[in-house]
Amino acid sequence: MQVDPAAYGRMWAEDYDALFEHRDDTAAIASFVKALAPGGRVLELGVGTGRVALPLAAAGLIVTGVDASKEMLDRLQGRSGAEQIEVIQGDFVTVDAGGPYDVVLIAFSTLYLVPDQQGQLDCLANARRHLKPDGSLVVEAFVPDHSRWVRGQNISIGSLDDSGVTLKLSVHDPVGQVISIQDVMVDARGTTLRPNLLRYFWPAELDAMALASGMRRVRRTADWTGATFTAQSTSHVSVFERS
């Protein structure tokens with residue numbers, strides 16, 4: 001499946017910070033990552049507007065960020081503290097970002113944006129190539145919930161106020177493990193469409209892909225604070241080392 005790796009950023013960059021800036025406790029992310037990075041060098045794949053990278057740099061880490069989207073990177077470079085981050089525009093599945101790094105970070109289910117399993121395997125192998133021998137790969141992702149879809153479809157309201165409405169429409173392919181999404185925004189500007197496509201994986205599948213890429217899982221938590229991962233967890237933060 002061919003998907004332009006820069007497409008997500010082109011469509012989402014304008015509203016990305018307003019939508020997601022306060023999604024996480026970035027101090028908890030910085031603490032989690034810093035504990036894994038004795039040498040201080042971190043590579044974030046899918047750096048976006050710097051929502052995570054800027055707090056990492058503020059915590060004293062040496063951060064390199066990769067993103068395919070010029071629009072995302074332009075917004076990052078316009079933010080306070082951006083001069084502390086080395087920025088590389090490129091496809092994080094294949095990019096050569098130098099290194100080696102103490103930590104390679106793929107946060108916020110960004111690996112799901114790679115549209116097929118082979119591409120995800122290639123991305124994990126590329127992450128491994130950037131690691132120091134004792135380095136760590138950290139992957140954050142949501143845990144799929146099939147109950148969200150009825151007959152493979154879901155419609156929900158993202159926001160609703162006097163200025164407009166955002167509808168979230170999705171179609172689920174459980175065989176391909178693909179979610180096709182369309183955010184429909186209606187406001188004073190008119191109607192705006194923002195499509196997205198996610199190829200999700202189960203935590204056990206991520207472990208198997210990591211093994212195939214020459215890594216083994218050493219830790220899994222439910223979130224950045226270190227909460228225990230259970231069958232009820234809706235997300236996970238998984239740490240891998242080279243095997």
# chains A, B, ... in the order shown; residues from 1 in each chain; ligands from 1
>>> select_by_dssp(residues="region 81-211 of chain A", states="strand (DSSP E or B)", output="count of residues only")
63
>>> closest_atom_pairs(of="region 56-174 of chain A", to="region 188-192 of chain A", cutoff="10 Å", atoms="only C-alpha atoms", output="JSON lines")
{"residue": "A:Ser163", "atom": "CA", "partner": "A:Ala188", "partner_atom": "CA", "distance": 7.0}
{"residue": "A:Gly164", "atom": "CA", "partner": "A:Ala188", "partner_atom": "CA", "distance": 7.2}
{"residue": "A:Val165", "atom": "CA", "partner": "A:Thr191", "partner_atom": "CA", "distance": 9.8}
{"residue": "A:Thr166", "atom": "CA", "partner": "A:Thr192", "partner_atom": "CA", "distance": 9.3}
>>> residues_around(residues="Ile106 (chain A)", least_positions_apart="5", cutoff="8 Å", atoms="only C-alpha atoms", output="NGL selection string")
:A and (44-46 or 111 or 137-140)
>>> residues_around(residues="region 215-225 of chain A", least_positions_apart="3", cutoff="6 Å", atoms="only C-alpha atoms", output="list of chain:residue names")
A:Ala28, A:Ile29, A:Ala210, A:Leu211, A:Thr228, A:Phe229, A:Ser233, A:Ser235, A:His236, A:Val237, A:Ser238, A:Val239, A:Phe240, A:Glu241, A:Arg242, A:Ser243
>>> residues_around(residues="Tyr16 (chain A)", least_positions_apart="6", cutoff="12 Å", atoms="only C-alpha atoms", output="tab-separated table (two decimals) with C-alpha atoms, in the first residue's frame")
chain	number	residue	atom	x	y	z
A	8	TYR	CA	-0.60	13.59	7.47
A	9	GLY	CA	1.39	16.70	8.28
A	10	ARG	CA	0.02	18.67	5.34
A	22	HIS	CA	-2.05	19.13	26.21
A	23	ARG	CA	-2.75	15.46	25.54
A	48	GLY	CA	5.78	16.72	14.27
A	49	THR	CA	5.54	20.20	15.78
A	50	GLY	CA	7.81	19.29	18.70
A	51	ARG	CA	5.07	18.53	21.23
A	71	GLU	CA	4.44	21.95	7.41
A	72	MET	CA	4.97	20.21	10.74
A	73	LEU	CA	8.66	21.08	10.85
A	75	ARG	CA	5.74	24.96	13.03
A	76	LEU	CA	8.33	23.25	15.21
A	194	ARG	CA	-9.02	15.51	6.94
>>> decode(residues="region 128-177 of chain A", atoms="N, CA and C atoms", output="PDB file, in the first residue's frame")
ATOM      1  N   ARG A 128      16.478   0.245  14.921  1.00  0.00           N
ATOM      2  CA  ARG A 128      17.552  -0.541  15.520  1.00  0.00           C
ATOM      3  C   ARG A 128      18.909  -0.092  15.007  1.00  0.00           C
ATOM      4  N   ARG A 129      19.009   0.210  13.708  1.00  0.00           N
ATOM      5  CA  ARG A 129      20.284   0.638  13.126  1.00  0.00           C
ATOM      6  C   ARG A 129      20.793   1.931  13.757  1.00  0.00           C
ATOM      7  N   HIS A 130      19.879   2.743  14.287  1.00  0.00           N
ATOM      8  CA  HIS A 130      20.263   4.021  14.880  1.00  0.00           C
ATOM      9  C   HIS A 130      20.617   3.922  16.359  1.00  0.00           C
ATOM     10  N   LEU A 131      20.434   2.757  16.964  1.00  0.00           N
ATOM     11  CA  LEU A 131      20.667   2.606  18.397  1.00  0.00           C
ATOM     12  C   LEU A 131      22.115   2.272  18.723  1.00  0.00           C
ATOM     13  N   LYS A 132      22.578   2.773  19.870  1.00  0.00           N
ATOM     14  CA  LYS A 132      23.817   2.267  20.449  1.00  0.00           C
ATOM     15  C   LYS A 132      23.609   0.803  20.822  1.00  0.00           C
ATOM     16  N   PRO A 133      24.673   0.046  20.986  1.00  0.00           N
ATOM     17  CA  PRO A 133      24.518  -1.380  21.348  1.00  0.00           C
ATOM     18  C   PRO A 133      23.657  -1.589  22.587  1.00  0.00           C
ATOM     19  N   ASP A 134      23.732  -0.665  23.550  1.00  0.00           N
ATOM     20  CA  ASP A 134      22.915  -0.788  24.758  1.00  0.00           C
ATOM     21  C   ASP A 134      21.743   0.191  24.767  1.00  0.00           C
ATOM     22  N   GLY A 135      21.364   0.677  23.578  1.00  0.00           N
ATOM     23  CA  GLY A 135      20.289   1.657  23.481  1.00  0.00           C
ATOM     24  C   GLY A 135      18.905   1.037  23.567  1.00  0.00           C
ATOM     25  N   SER A 136      17.888   1.912  23.621  1.00  0.00           N
ATOM     26  CA  SER A 136      16.499   1.478  23.789  1.00  0.00           C
ATOM     27  C   SER A 136      15.603   2.095  22.731  1.00  0.00           C
ATOM     28  N   LEU A 137      14.709   1.285  22.196  1.00  0.00           N
ATOM     29  CA  LEU A 137      13.613   1.769  21.352  1.00  0.00           C
ATOM     30  C   LEU A 137      12.366   1.860  22.219  1.00  0.00           C
ATOM     31  N   VAL A 138      11.684   3.000  22.172  1.00  0.00           N
ATOM     32  CA  VAL A 138      10.453   3.196  22.931  1.00  0.00           C
ATOM     33  C   VAL A 138       9.313   3.458  21.955  1.00  0.00           C
ATOM     34  N   VAL A 139       8.273   2.643  22.042  1.00  0.00           N
ATOM     35  CA  VAL A 139       7.103   2.770  21.170  1.00  0.00           C
ATOM     36  C   VAL A 139       5.863   2.976  22.036  1.00  0.00           C
ATOM     37  N   GLU A 140       5.135   4.052  21.782  1.00  0.00           N
ATOM     38  CA  GLU A 140       3.848   4.295  22.440  1.00  0.00           C
ATOM     39  C   GLU A 140       2.732   4.060  21.431  1.00  0.00           C
ATOM     40  N   ALA A 141       1.672   3.359  21.841  1.00  0.00           N
ATOM     41  CA  ALA A 141       0.567   3.098  20.925  1.00  0.00           C
ATOM     42  C   ALA A 141      -0.712   2.816  21.706  1.00  0.00           C
ATOM     43  N   PHE A 142      -1.851   3.091  21.076  1.00  0.00           N
ATOM     44  CA  PHE A 142      -3.108   2.698  21.701  1.00  0.00           C
ATOM     45  C   PHE A 142      -3.365   1.222  21.459  1.00  0.00           C
ATOM     46  N   VAL A 143      -4.140   0.624  22.347  1.00  0.00           N
ATOM     47  CA  VAL A 143      -4.548  -0.769  22.193  1.00  0.00           C
ATOM     48  C   VAL A 143      -5.870  -0.784  21.421  1.00  0.00           C
ATOM     49  N   PRO A 144      -5.966  -1.473  20.300  1.00  0.00           N
ATOM     50  CA  PRO A 144      -7.205  -1.464  19.509  1.00  0.00           C
ATOM     51  C   PRO A 144      -8.402  -1.950  20.324  1.00  0.00           C
ATOM     52  N   ASP A 145      -9.543  -1.344  20.058  1.00  0.00           N
ATOM     53  CA  ASP A 145     -10.794  -1.705  20.728  1.00  0.00           C
ATOM     54  C   ASP A 145     -11.858  -1.948  19.657  1.00  0.00           C
ATOM     55  N   HIS A 146     -12.085  -3.207  19.318  1.00  0.00           N
ATOM     56  CA  HIS A 146     -13.018  -3.539  18.243  1.00  0.00           C
ATOM     57  C   HIS A 146     -14.464  -3.192  18.589  1.00  0.00           C
ATOM     58  N   SER A 147     -14.772  -2.969  19.852  1.00  0.00           N
ATOM     59  CA  SER A 147     -16.148  -2.636  20.222  1.00  0.00           C
ATOM     60  C   SER A 147     -16.561  -1.247  19.730  1.00  0.00           C
ATOM     61  N   ARG A 148     -15.609  -0.465  19.260  1.00  0.00           N
ATOM     62  CA  ARG A 148     -15.930   0.881  18.766  1.00  0.00           C
ATOM     63  C   ARG A 148     -16.716   0.832  17.463  1.00  0.00           C
ATOM     64  N   TRP A 149     -16.611  -0.273  16.718  1.00  0.00           N
ATOM     65  CA  TRP A 149     -17.229  -0.341  15.402  1.00  0.00           C
ATOM     66  C   TRP A 149     -18.422  -1.287  15.391  1.00  0.00           C
ATOM     67  N   VAL A 150     -19.486  -0.865  14.724  1.00  0.00           N
ATOM     68  CA  VAL A 150     -20.668  -1.689  14.502  1.00  0.00           C
ATOM     69  C   VAL A 150     -20.752  -1.947  13.002  1.00  0.00           C
ATOM     70  N   ARG A 151     -20.699  -3.216  12.641  1.00  0.00           N
ATOM     71  CA  ARG A 151     -20.642  -3.605  11.225  1.00  0.00           C
ATOM     72  C   ARG A 151     -19.491  -2.889  10.509  1.00  0.00           C
ATOM     73  N   GLY A 152     -18.399  -2.710  11.227  1.00  0.00           N
ATOM     74  CA  GLY A 152     -17.204  -2.138  10.641  1.00  0.00           C
ATOM     75  C   GLY A 152     -17.214  -0.638  10.482  1.00  0.00           C
ATOM     76  N   GLN A 153     -18.206   0.040  11.098  1.00  0.00           N
ATOM     77  CA  GLN A 153     -18.309   1.489  10.915  1.00  0.00           C
ATOM     78  C   GLN A 153     -18.497   2.192  12.261  1.00  0.00           C
ATOM     79  N   ASN A 154     -18.044   3.454  12.316  1.00  0.00           N
ATOM     80  CA  ASN A 154     -18.233   4.261  13.519  1.00  0.00           C
ATOM     81  C   ASN A 154     -18.395   5.718  13.126  1.00  0.00           C
ATOM     82  N   ILE A 155     -19.351   6.388  13.770  1.00  0.00           N
ATOM     83  CA  ILE A 155     -19.530   7.829  13.609  1.00  0.00           C
ATOM     84  C   ILE A 155     -19.632   8.424  15.004  1.00  0.00           C
ATOM     85  N   SER A 156     -18.816   9.447  15.279  1.00  0.00           N
ATOM     86  CA  SER A 156     -18.861  10.104  16.581  1.00  0.00           C
ATOM     87  C   SER A 156     -18.660  11.604  16.408  1.00  0.00           C
ATOM     88  N   ILE A 157     -19.002  12.351  17.433  1.00  0.00           N
ATOM     89  CA  ILE A 157     -18.821  13.806  17.431  1.00  0.00           C
ATOM     90  C   ILE A 157     -17.521  14.122  18.153  1.00  0.00           C
ATOM     91  N   GLY A 158     -16.604  14.777  17.437  1.00  0.00           N
ATOM     92  CA  GLY A 158     -15.359  15.181  18.051  1.00  0.00           C
ATOM     93  C   GLY A 158     -15.497  16.443  18.867  1.00  0.00           C
ATOM     94  N   SER A 159     -16.217  17.415  18.344  1.00  0.00           N
ATOM     95  CA  SER A 159     -16.483  18.663  19.054  1.00  0.00           C
ATOM     96  C   SER A 159     -17.779  19.252  18.526  1.00  0.00           C
ATOM     97  N   LEU A 160     -18.449  20.005  19.376  1.00  0.00           N
ATOM     98  CA  LEU A 160     -19.723  20.616  19.003  1.00  0.00           C
ATOM     99  C   LEU A 160     -19.917  21.867  19.840  1.00  0.00           C
ATOM    100  N   ASP A 161     -20.011  23.017  19.186  1.00  0.00           N
ATOM    101  CA  ASP A 161     -20.302  24.265  19.888  1.00  0.00           C
ATOM    102  C   ASP A 161     -20.969  25.221  18.912  1.00  0.00           C
ATOM    103  N   ASP A 162     -21.138  26.477  19.334  1.00  0.00           N
ATOM    104  CA  ASP A 162     -21.847  27.441  18.502  1.00  0.00           C
ATOM    105  C   ASP A 162     -21.107  27.772  17.210  1.00  0.00           C
ATOM    106  N   SER A 163     -19.798  27.480  17.173  1.00  0.00           N
ATOM    107  CA  SER A 163     -19.015  27.849  16.001  1.00  0.00           C
ATOM    108  C   SER A 163     -18.946  26.753  14.947  1.00  0.00           C
ATOM    109  N   GLY A 164     -19.325  25.524  15.320  1.00  0.00           N
ATOM    110  CA  GLY A 164     -19.259  24.459  14.336  1.00  0.00           C
ATOM    111  C   GLY A 164     -19.274  23.079  14.966  1.00  0.00           C
ATOM    112  N   VAL A 165     -19.005  22.093  14.139  1.00  0.00           N
ATOM    113  CA  VAL A 165     -19.025  20.704  14.596  1.00  0.00           C
ATOM    114  C   VAL A 165     -17.937  19.924  13.864  1.00  0.00           C
ATOM    115  N   THR A 166     -17.350  18.961  14.574  1.00  0.00           N
ATOM    116  CA  THR A 166     -16.414  18.032  13.954  1.00  0.00           C
ATOM    117  C   THR A 166     -16.961  16.620  14.107  1.00  0.00           C
ATOM    118  N   LEU A 167     -17.163  15.956  12.989  1.00  0.00           N
ATOM    119  CA  LEU A 167     -17.611  14.566  12.978  1.00  0.00           C
ATOM    120  C   LEU A 167     -16.426  13.670  12.660  1.00  0.00           C
ATOM    121  N   LYS A 168     -16.334  12.554  13.373  1.00  0.00           N
ATOM    122  CA  LYS A 168     -15.274  11.590  13.135  1.00  0.00           C
ATOM    123  C   LYS A 168     -15.897  10.319  12.576  1.00  0.00           C
ATOM    124  N   LEU A 169     -15.571  10.008  11.341  1.00  0.00           N
ATOM    125  CA  LEU A 169     -16.101   8.838  10.656  1.00  0.00           C
ATOM    126  C   LEU A 169     -14.964   7.856  10.425  1.00  0.00           C
ATOM    127  N   SER A 170     -15.222   6.578  10.678  1.00  0.00           N
ATOM    128  CA  SER A 170     -14.173   5.585  10.448  1.00  0.00           C
ATOM    129  C   SER A 170     -14.767   4.275   9.963  1.00  0.00           C
ATOM    130  N   VAL A 171     -13.966   3.571   9.191  1.00  0.00           N
ATOM    131  CA  VAL A 171     -14.305   2.241   8.687  1.00  0.00           C
ATOM    132  C   VAL A 171     -13.162   1.314   9.081  1.00  0.00           C
ATOM    133  N   HIS A 172     -13.519   0.154   9.623  1.00  0.00           N
ATOM    134  CA  HIS A 172     -12.530  -0.774  10.174  1.00  0.00           C
ATOM    135  C   HIS A 172     -12.428  -2.018   9.316  1.00  0.00           C
ATOM    136  N   ASP A 173     -11.209  -2.348   8.914  1.00  0.00           N
ATOM    137  CA  ASP A 173     -10.916  -3.599   8.216  1.00  0.00           C
ATOM    138  C   ASP A 173     -10.162  -4.495   9.202  1.00  0.00           C
ATOM    139  N   PRO A 174     -10.852  -5.439   9.866  1.00  0.00           N
ATOM    140  CA  PRO A 174     -10.183  -6.251  10.888  1.00  0.00           C
ATOM    141  C   PRO A 174      -9.196  -7.253  10.316  1.00  0.00           C
ATOM    142  N   VAL A 175      -9.320  -7.578   9.041  1.00  0.00           N
ATOM    143  CA  VAL A 175      -8.382  -8.518   8.422  1.00  0.00           C
ATOM    144  C   VAL A 175      -7.040  -7.829   8.171  1.00  0.00           C
ATOM    145  N   GLY A 176      -7.091  -6.672   7.550  1.00  0.00           N
ATOM    146  CA  GLY A 176      -5.877  -5.912   7.299  1.00  0.00           C
ATOM    147  C   GLY A 176      -5.407  -5.101   8.484  1.00  0.00           C
ATOM    148  N   GLN A 177      -6.228  -5.053   9.545  1.00  0.00           N
ATOM    149  CA  GLN A 177      -5.947  -4.247  10.735  1.00  0.00           C
ATOM    150  C   GLN A 177      -5.751  -2.776  10.361  1.00  0.00           C
TER     151      GLN A 177
END
